[in-house]
Structure formats: structure tokens, C-alpha cells
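Data block below; observations after.
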Amino acid sequence: MGEVYLADQTSPVRRRVALKLIKLGMDTKEVVARFESERQALALLNHPNIAHVFDAGVSPEGRPYFAMEFVQGVSVRDYCDRERLAIPDRLRLFIQACEGVQHAHQKGIIHRDLKPSNILVALLDGKPVPKIIDFGIAKATSQKLTESTLHTAVGHLIGTPAYMSPEQADLSLLDIDTRTDVYSLGAVLYELLTGELPLGHVEPRPQGFDEIVRTIREVEPLRPSTRVTTGSAEAATTAKSFRGDLTSLARDLRGDLDWIALKALEKDRTRRYDSVSELAADVERHLNNEPVLASPPSTPYRVRKFIRRHRVGVAAGAAVGLALIAGIVGTSVGLVRAREAERKALVEAETATEVTTFMVDLFHVSDPSEARGNTITAREVLDKGAKSIQQRLKDKPVVRVRLMEAIGNVYAGLGLGAKAEPLLREVLAMQEKAHGPNSPEVATSLMNVGGRDNIRRALAIRQEVLGPRHIDTAYSEYVLGLRLIWPEGESGESTEVAKQHLERALEIYRSNPGKGDQGASWCLNDLGNVMVVQGRYDEALPYFREALSIKERTLGLEDPDVGIGLNSVGNALLLLGRYSEAEPLLERAVLIGERSLGLWGNQVGGFRYNLGECLSKMGRTAEAREVLERALRISEQREPGAESPEAPLLHYGLAAIYADLGLDAKAEPHFRSAVGQIEQLGPGAVATSELAEWLEKYAALLDRSGRGREASALRARAKDLRAAQHKPLLPRSH
């Protein structure tokens, strides 16, 4: 109905504009009304993703016109293909376009003709910005756009069929709402992702408008991931525009983007996104790797839709189908697999919803009205959660396993091993029952339960099922190597075996740059610990330094793992007698640990012990004592039942300081606590040789106190330990 010129506006400002006029001979009452409607619609809108109206009037010949922003760009489809944009970049442009449409909806305007050619992309300050144009058939939802009569004649399709919603294709054109634009945007999204229209080229045919309407209202689009694998010439061209091949493109589209596009293109608008902003938000969730609202339609729903479309054919085909069952068994296998994949996806979505609901209810305990003004600890929240799982989720094993595993691991992280173990063992039993004894799920549960035998079994499963080069296999190799460094009452396994596991894990992690960086830093740190165990402190230092460098580069300077790396380097320097170099590193480790892990973190206690020992070696006894006494006070304030593996070290450090100062009365209870707590923690808490040294120093104090019999008994125990010939070991460096 109009023609558009590129024009220069000379006043009141100079600028280049797009000037739209009604074509000569088109100035009928209806066309003029539509023209005025578009002009008024654009005047109501003010958004960076909608072309602005600057001026309006009537030409000397009586032709209405309006001057609008000149968008020097191309259609969004052409821009994406020309620039060969990857999927995430296409989606970000699409989200911007959605924001413009949502603005129009908030102003009460439905566009009704959204398509790539009406979404132009221009460069502003070097960045692509989509601009929505052509509101020529816009519809007002809450106000009257013009004083002229504006109506659509029955029997005339208004819009572009390929992007038109089923309700817009209904020739009565009654009750059109903003969800018609959701459908059109879904078609645009589909085209941006596949290079093809969801329903193919829906244009007037000899059959007439009835066939067009039938196609729009009844033909279901293929999934985007399926469409690009059909082998068409358009699909091959599309893959090139994404700088990839069809296989990788289909893989990227499969799942979230399939579901999002098809939800926007639902024939039944009640199953579509309720608004354009909801569609844009789901695309944003996909970009952020968050769960999306869209999910595959259920099988019963699809069956009902098919039967409604093909009532006669279904009735006739049912009889024939019974005779063909034997011949389609092979095809059915593929269908069953597809259904199983969809079922798993649906279960995953339902599980995510259940987990979210459970966690919201769980943390409701911290609400002031629930807590009655009391302070709620993490332990109380976890206890409530563990109890609630048993009561609420008996009939939902998938959700139950996930939550029990999460709570068990958090218990373990808080040092509440007695609470963690039964939960994690129950998860293991449930996974074995659900997935079989040699499944990846069982391997993960075995790793969570811990212990050398379980880790060995997990490693064997992952080597067989996932392969020896899989990154999860590398993690099992790493953890087993770690466990073999520190004695756990087992004998006959040298640190060389630990080293072999760690080196295999390191090689796998290094072959996965980026993804394997953190694992590589763990392996390097513990290869350094192997050197420490073997007394090769100067060889340990390069391993520790490289591990720290990776952690600082990939995690930032305040990550708790960086604190562990600093402590390892500092401890190696401490063992080498380079105290002035060690002190600032150990101080920084303590600060990072307290900020990121909290005052009660097990690792932080070890950091404090090393700092206290360093200060003591430097002759700064008062500072060392202050550090260790503070550390011990913090350790003793832990949750009841929480493990405190650093407490014996802290007691021994204070005992040694008091003994050197001649304060035997203060030193003796600390010696007693250090030795007693080590025995409670069991083998592996400290090195055998280190425990022997503690016993000998404690015996010397007892001799000075006139308790020779007790001293002799301690020396005899120390002699037996040294006879075992274990190398020096300092687990606090891990």
C-alpha cells in the first residue's frame, strides 16, 4: 500500500530518513486508514529495537506520508548468514528483537507481520542492532489507533502465510492476541537456526486459500535438529553459514532449542509461551546453561493431535496396522529409543522442578517466622533435609537419590563424616539397584563414599565403561593416587604407585585444555606431595609452583584452591628452611582460606598450623603462639561431631612452643591431647615418623616431671614406629 524513499530532512534538524507515502491510486478509505494506523502505532513506540517515527503529514498532492528512522541494514536472516554467525550470536540478536516486540505489546500494539525482512540489522557503534519495521497491519489491543474505520474483509489473509499463526489464518480473524506474534517470532527463530521455514514455502497455490489455511493450522513442523539433517540443498548451505557441518549443527540444536522453537510454534496458543518476554527468557536460559521452561510434548498429546487431524485414516489404518506389526519391529526399536530419550528428558525436567521445590521448602526453615528468632545453622538445615527426604520422596527415587547425594556430600564437606556416610552408602545401594553394578552412576557413588577399595572399583568401572582416556576416569586415577600417598593402615604400596596414578591422570587432564586445567593443578600439587613424602623437598617445589600458577590463572586470586596452592608452596619452603619466603605465602593462604572456606574449614586449620610453625622457626614465638591458640579456639567451636583433623597438629605445635619456653605444665595437656586425638583419628592422620617424634618429645617432658615409667612406655612405642621405616609425611601440605 506504500512506497518508501530515502530522503534528507532539512528542518528542524538535518538527517537522512525513510519517507513512506501511500502509492498513487491506493488512497482508498481502507488503505488510508491502515496507513494512519501504522503511523499512530509507531508514534506510540519508543524503543531502541523499533524504527522511530520523526514526522508525519500530507504531500501537496494530498498523499499521506510519514518520515521514519532510516535503518541502513539487511534482514536479520541475511545478516546472520552473511556474517556466518554462530548459534549463540544469532540467539542474542533474536533476544533483542523480542525486546522490541515486547515493548510494542506493552503499548497495546500487535505487529501481526513479523518476519526476517521486517527485522533489519544495522551496525551502531560497530555493534549489530536489530530494528523492527513495518507496522502496516498492526492491531491495537487496548486503544483505537485512528478515527477512521479499519476492518479486515472476511476471506482475506492479512500477513505473510509462512510466518502466520493458526488463529491469524482463521478467516474470521477474531480474538487475535499477542501470542500471534510469539508464533511469528518462533518461525523467525526456526529460520535463523535451520535456514528453512518451519512449514516450507506456504504461498498461494492453485488449490486456493483453503490449502494455505489447512497447512498453517494442521501441518506440524519438524524439529530444527531433524530439519537440518534432511539432506536438502538448503540444509547444506545453512551449515556453511554456521561455519560447521550438518552433524555438529544438529547436535547443537538438539534438546533445548528444539523444544523452545516448537513451543513457540504450537498450533494451540494455550501451549505456546504466554508472552514474547517469556520466549526471550527461555532463550536466555539456554545461553546461560540453565534449565528451560520448554519441554518436549508428551506422547499422548501428539497422538491425540494426530487422531484429530486424520480421523478417517486412523480408523482404516488401524486394521491394516495389525497385519504389519511383525514387519515394523526393526523400525520400532528406533522409535522406542527416541521415546526413551524423550522420557529421560522429561524425567530430568520433572526432577529439576522437584529438587527446586524441595530446596525452597528446606530453606524455609531460615524464615524468621519459622525460626522464631533463632539462628539456624547449616547443620540444622541439613538435618531437616535428610529427615524430609525419608518422609516425602519415597515414591520418587530419582529425586531422592540426587538430594541424598547432595546432602551427603555437604555433610562430608562440613567434616560430619558420621552423618554423610549412611546417606552416601544408601545412594550407592539405590544406584546399584537402578543402574546395575558396573554403571557410571555407581562409579560416582563409589567415589562419594570413598575409601581405597571403593575408589579402585570406581576406577575399574570408568575404565571399562567410559574408556581409559575419559576425564572422569582421570579423576578416579587422581583420587586413588592421592589416597595412596597418605597411609591408611595398609602396607606394601609405595609412593611410586601413587605417582603412577597421578601421572596418568595428569596426562589425561593435559590432553583436555581448559576442561582439564583444574584437574591438572590437583595432580601437580599431589605429585609435589609425593616428593615431600620421599623427603625430596627441593624437587617438590616446582610441582607446587606450577599447580599454583594454573590455579591463579584459571580460578582467580581468591579461590579456596588457590589457598591450598599457596599453602603447598609455603610448606615446601618451610621444609627447606626458607622461612622468610614461606611466611607471606602462608599468611595469604590463611586469609584466602578464611574468606572462602570459612573459619572452620578443615584446610584452613592446616594453613594456620604451618604459619604458626614458620613463625616459631623464625624465633617469633609470641606471634606463633597467638596464631596457634586462635586456630585451636576456632577448631574447638566446630559443630558437635564434626571432624577436626588439624586439631592434633595445633595441640602439638602449642606443646612444642610451651616446652621450648620451659612451661611444661602448659605443654603437657597439649601433648596429651595431640597424641590422644591422633589415636582417635586412626592411621594416616600423620606420618608414622612424625608421630614417633611427638612421642619422644612428650616422653622428654614426662622425664622432667618425674614420670619416668610413662616416659619409657612412650619411647618404646616411638621405637616400634621408627622400626616400620616409613618416610616423613606432612599431610597438612595437601
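The chains in the C-alpha cells are called A, B, ... from first to last as shown; in each chain the residues are counted from 1, and the ligands are counted from 1 in the order shown.
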
* Asked: Within 10 Å of Leu222 of chain A, counting only C-alpha atoms, which residues qualify if same-chain residues fewer than 4 places away don't, as a VMD selection string?
  -> chain A and resid 198 to 199 226 to 228 258 262

Hey, can you spit out that residue selection with N, CA and C atoms as a compact mmCIF listing (two decimals), in the first residue's frame?
```txt
# COMPACT_ATOMS: atom_id res chain seq x y z
N PRO A 198 9.56 -23.15 8.90
CA PRO A 198 9.05 -24.32 9.64
C PRO A 198 8.06 -25.16 8.84
N LEU A 199 7.25 -24.53 7.98
CA LEU A 199 6.27 -25.27 7.19
C LEU A 199 6.61 -25.26 5.71
N THR A 226 16.11 -32.07 13.39
CA THR A 226 15.77 -33.04 12.35
C THR A 226 15.78 -32.38 10.99
N ARG A 227 15.27 -31.13 10.92
CA ARG A 227 15.18 -30.43 9.63
C ARG A 227 16.57 -30.28 9.00
N VAL A 228 17.60 -29.98 9.80
CA VAL A 228 18.92 -29.73 9.20
C VAL A 228 19.61 -31.02 8.77
N ASP A 258 15.39 -27.22 20.12
CA ASP A 258 14.24 -27.92 19.53
C ASP A 258 12.97 -27.56 20.29
N LEU A 262 9.72 -25.23 19.01
CA LEU A 262 8.43 -25.90 18.82
C LEU A 262 7.38 -25.41 19.81
```

* **Selection: 10 Å around segment 429-434 of chain A, only C-alpha atoms, excl. self and same-chain fewer than 4 positions, as a PyMOL selection string** => chain A and resi 397-398+400-401+424-425+438-446

* **Within 12 Å of Tyr478 of chain A using only C-alpha atoms, minus same-chain residues under 4 positions, as a ChimeraX atom specification** => /A:447,452,455-456,458-459,471-474,482-485,497-509,518-527

* Shell of 9 Å around Glu69 of chain A, only C-alpha atoms, local chain residues under 2 positions omitted, as a ChimeraX atom specification -> /A:16-19,51-54,67,71

What's around segment 281-293 of chain A at 7 Å? Count only C-alpha atoms, leave out sequence neighbours fewer than 2 positions away in its own chain, and write the answer as a PDB file with C-alpha atoms, in the first residue's frame.
```
ATOM      1  CA  PRO A  88      24.728 -18.029  20.385  1.00  0.00           C
ATOM      2  CA  ASP A 256      16.683 -27.003  24.363  1.00  0.00           C
ATOM      3  CA  SER A 277       9.309 -11.884  27.123  1.00  0.00           C
ATOM      4  CA  GLU A 278       8.787 -15.468  28.315  1.00  0.00           C
ATOM      5  CA  LEU A 279      10.130 -16.761  24.981  1.00  0.00           C
ATOM      6  CA  SER A 295       9.938 -29.400  27.182  1.00  0.00           C
TER       7      SER A 295
END
```

* Given the choices A:Asp125, A:Glu477, A:Glu583, A:Glu558, which gets closest to Arg462 of chain A if the distance is worked out from only C-alpha atoms? -> A:Glu477

* List the neighbours of Val121 of chain A out to 8 Å using only C-alpha atoms; skip same-chain residues closer than 3 positions along the sequence, and give me the result as a ChimeraX atom specification. => /A:71-76,79,128-131

* segment 525-697 of chain A: which residues are helix (DSSP H, G or I) by DSSP, as an MDAnalysis selection string? -> chainID A and resid 525:533 537:555 560:575 579:596 602:617 621:636 647:660 664:681 688:697

Store the residues picked out above, limited to C-alpha atoms, as a compact mmCIF listing (two decimals), in the first residue's frame.
```
# COMPACT_ATOMS: atom_id res chain seq x y z
CA ASN A 525 50.06 -30.41 43.69
CA ASP A 526 49.93 -34.03 44.82
CA LEU A 527 52.93 -35.07 42.76
CA GLY A 528 54.67 -32.41 44.83
CA ASN A 529 53.33 -34.14 47.94
CA VAL A 530 54.84 -37.42 46.73
CA MET A 531 58.20 -35.65 46.63
CA VAL A 532 57.62 -34.36 50.16
CA VAL A 533 56.79 -37.87 51.39
CA TYR A 537 61.66 -31.12 49.16
CA ASP A 538 63.64 -29.24 46.50
CA GLU A 539 62.03 -31.40 43.77
CA ALA A 540 58.56 -30.83 45.25
CA LEU A 541 58.75 -27.05 44.90
CA PRO A 542 58.48 -26.84 41.04
CA TYR A 543 55.37 -29.07 41.10
CA PHE A 544 53.72 -26.86 43.73
CA ARG A 545 54.63 -23.65 41.89
CA GLU A 546 53.21 -24.88 38.56
CA ALA A 547 50.00 -26.02 40.26
CA LEU A 548 49.62 -22.61 41.93
CA SER A 549 50.21 -20.82 38.62
CA ILE A 550 47.41 -22.78 36.91
CA LYS A 551 45.02 -22.15 39.80
CA GLU A 552 45.65 -18.39 39.86
CA ARG A 553 45.28 -18.18 36.07
CA THR A 554 42.06 -20.18 35.79
CA LEU A 555 40.31 -19.58 39.13
CA PRO A 560 39.96 -21.60 48.01
CA ASP A 561 42.00 -23.88 45.73
CA VAL A 562 44.49 -21.01 45.35
CA GLY A 563 44.77 -21.01 49.15
CA ILE A 564 45.70 -24.71 49.03
CA GLY A 565 48.31 -23.98 46.36
CA LEU A 566 49.84 -21.15 48.40
CA ASN A 567 49.98 -23.39 51.46
CA SER A 568 51.72 -26.14 49.48
CA VAL A 569 54.41 -23.79 48.15
CA GLY A 570 54.80 -22.20 51.59
CA ASN A 571 55.13 -25.58 53.30
CA ALA A 572 57.81 -26.73 50.83
CA LEU A 573 59.78 -23.53 51.53
CA LEU A 574 59.26 -24.14 55.25
CA LEU A 575 60.71 -27.65 54.93
CA TYR A 579 61.20 -19.19 56.31
CA SER A 580 61.15 -15.55 55.14
CA GLU A 581 59.90 -16.68 51.71
CA ALA A 582 57.33 -19.03 53.22
CA GLU A 583 55.75 -16.57 55.67
CA PRO A 584 53.91 -14.22 53.22
CA LEU A 585 52.59 -17.17 51.21
CA LEU A 586 51.26 -18.91 54.32
CA GLU A 587 49.70 -15.68 55.62
CA ARG A 588 47.93 -15.20 52.28
CA ALA A 589 46.76 -18.84 52.34
CA VAL A 590 45.16 -18.27 55.76
CA LEU A 591 43.41 -15.07 54.62
CA ILE A 592 42.04 -16.66 51.43
CA GLY A 593 41.00 -19.78 53.33
CA GLU A 594 39.10 -17.85 55.99
CA ARG A 595 37.31 -15.70 53.38
CA SER A 596 36.37 -18.52 51.04
CA ASN A 602 39.45 -28.21 57.71
CA GLN A 603 42.06 -26.98 55.25
CA VAL A 604 42.29 -23.60 56.98
CA GLY A 605 43.36 -25.22 60.25
CA GLY A 606 46.31 -26.80 58.43
CA PHE A 607 47.21 -23.42 56.91
CA ARG A 608 47.25 -21.85 60.37
CA TYR A 609 49.45 -24.63 61.76
CA ASN A 610 52.04 -24.14 59.02
CA LEU A 611 52.03 -20.37 59.57
CA GLY A 612 52.49 -20.88 63.33
CA GLU A 613 55.34 -23.33 62.74
CA CYS A 614 57.01 -20.90 60.32
CA LEU A 615 56.81 -18.04 62.84
CA SER A 616 58.18 -20.32 65.53
CA LYS A 617 61.15 -21.33 63.35
CA THR A 621 57.43 -17.32 69.43
CA ALA A 622 54.79 -14.93 70.76
CA GLU A 623 53.25 -14.49 67.29
CA ALA A 624 53.39 -18.22 66.65
CA ARG A 625 51.63 -18.96 69.93
CA GLU A 626 48.93 -16.37 69.16
CA VAL A 627 48.29 -17.91 65.72
CA LEU A 628 48.07 -21.46 67.07
CA GLU A 629 45.92 -20.58 70.11
CA ARG A 630 43.45 -18.72 67.88
CA ALA A 631 43.41 -21.64 65.46
CA LEU A 632 42.71 -24.10 68.28
CA ARG A 633 39.87 -21.94 69.66
CA ILE A 634 38.26 -21.87 66.22
CA SER A 635 38.71 -25.63 65.81
CA GLU A 636 37.00 -26.33 69.13
CA ALA A 647 43.37 -30.19 65.99
CA PRO A 648 46.20 -32.66 66.90
CA LEU A 649 48.66 -30.59 64.85
CA LEU A 650 47.60 -27.42 66.66
CA HIS A 651 47.91 -29.09 70.07
CA TYR A 652 51.36 -30.39 69.19
CA GLY A 653 52.50 -27.01 67.86
CA LEU A 654 51.47 -25.30 71.11
CA ALA A 655 53.01 -28.12 73.20
CA ALA A 656 56.35 -27.70 71.41
CA ILE A 657 56.32 -23.92 71.93
CA TYR A 658 55.46 -24.18 75.65
CA ALA A 659 58.10 -26.91 76.14
CA ASP A 660 60.77 -24.74 74.49
CA ASP A 664 55.96 -27.85 80.97
CA ALA A 665 52.73 -27.50 82.95
CA LYS A 666 51.12 -25.77 79.97
CA ALA A 667 52.77 -28.04 77.44
CA GLU A 668 51.73 -31.38 78.97
CA PRO A 669 47.93 -31.20 78.34
CA HIS A 670 48.58 -30.21 74.73
CA PHE A 671 50.95 -33.17 74.25
CA ARG A 672 48.34 -35.45 75.78
CA SER A 673 45.56 -34.09 73.55
CA ALA A 674 47.71 -34.30 70.40
CA VAL A 675 48.61 -37.96 70.96
CA GLY A 676 45.12 -38.96 72.11
CA GLN A 677 43.35 -37.30 69.19
CA ILE A 678 45.75 -38.83 66.66
CA GLU A 679 44.89 -42.27 68.02
CA GLN A 680 41.16 -41.49 67.68
CA LEU A 681 41.58 -40.35 64.07
CA THR A 688 54.46 -42.64 61.41
CA SER A 689 57.83 -40.91 61.84
CA GLU A 690 56.11 -37.67 62.81
CA LEU A 691 54.05 -39.41 65.49
CA ALA A 692 57.24 -41.06 66.79
CA GLU A 693 58.80 -37.58 67.14
CA TRP A 694 55.77 -36.38 69.10
CA LEU A 695 56.01 -39.34 71.48
CA GLU A 696 59.72 -38.76 72.07
CA LYS A 697 59.24 -35.07 72.90
```

* Within 10 Å of Arg112 of chain A, counting only C-alpha atoms, which residues show up once you throw out same-chain ones fewer than 2 positions away? Write them as a PyMOL selection string, please. => chain A and resi 109-110+114-115+134-139+158-160+163-165+168+176-184

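The interatomic distance for the pair atom CA of Val13 of chain A and atom CA of Leu120 of chain A works out to 24.4 Å.
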
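The residue that comes closest to Lys127 of chain A, out of A:Ile260, A:Leu93, A:Ala716, A:Cys98 and on the basis of only C-alpha atoms, is A:Leu93.
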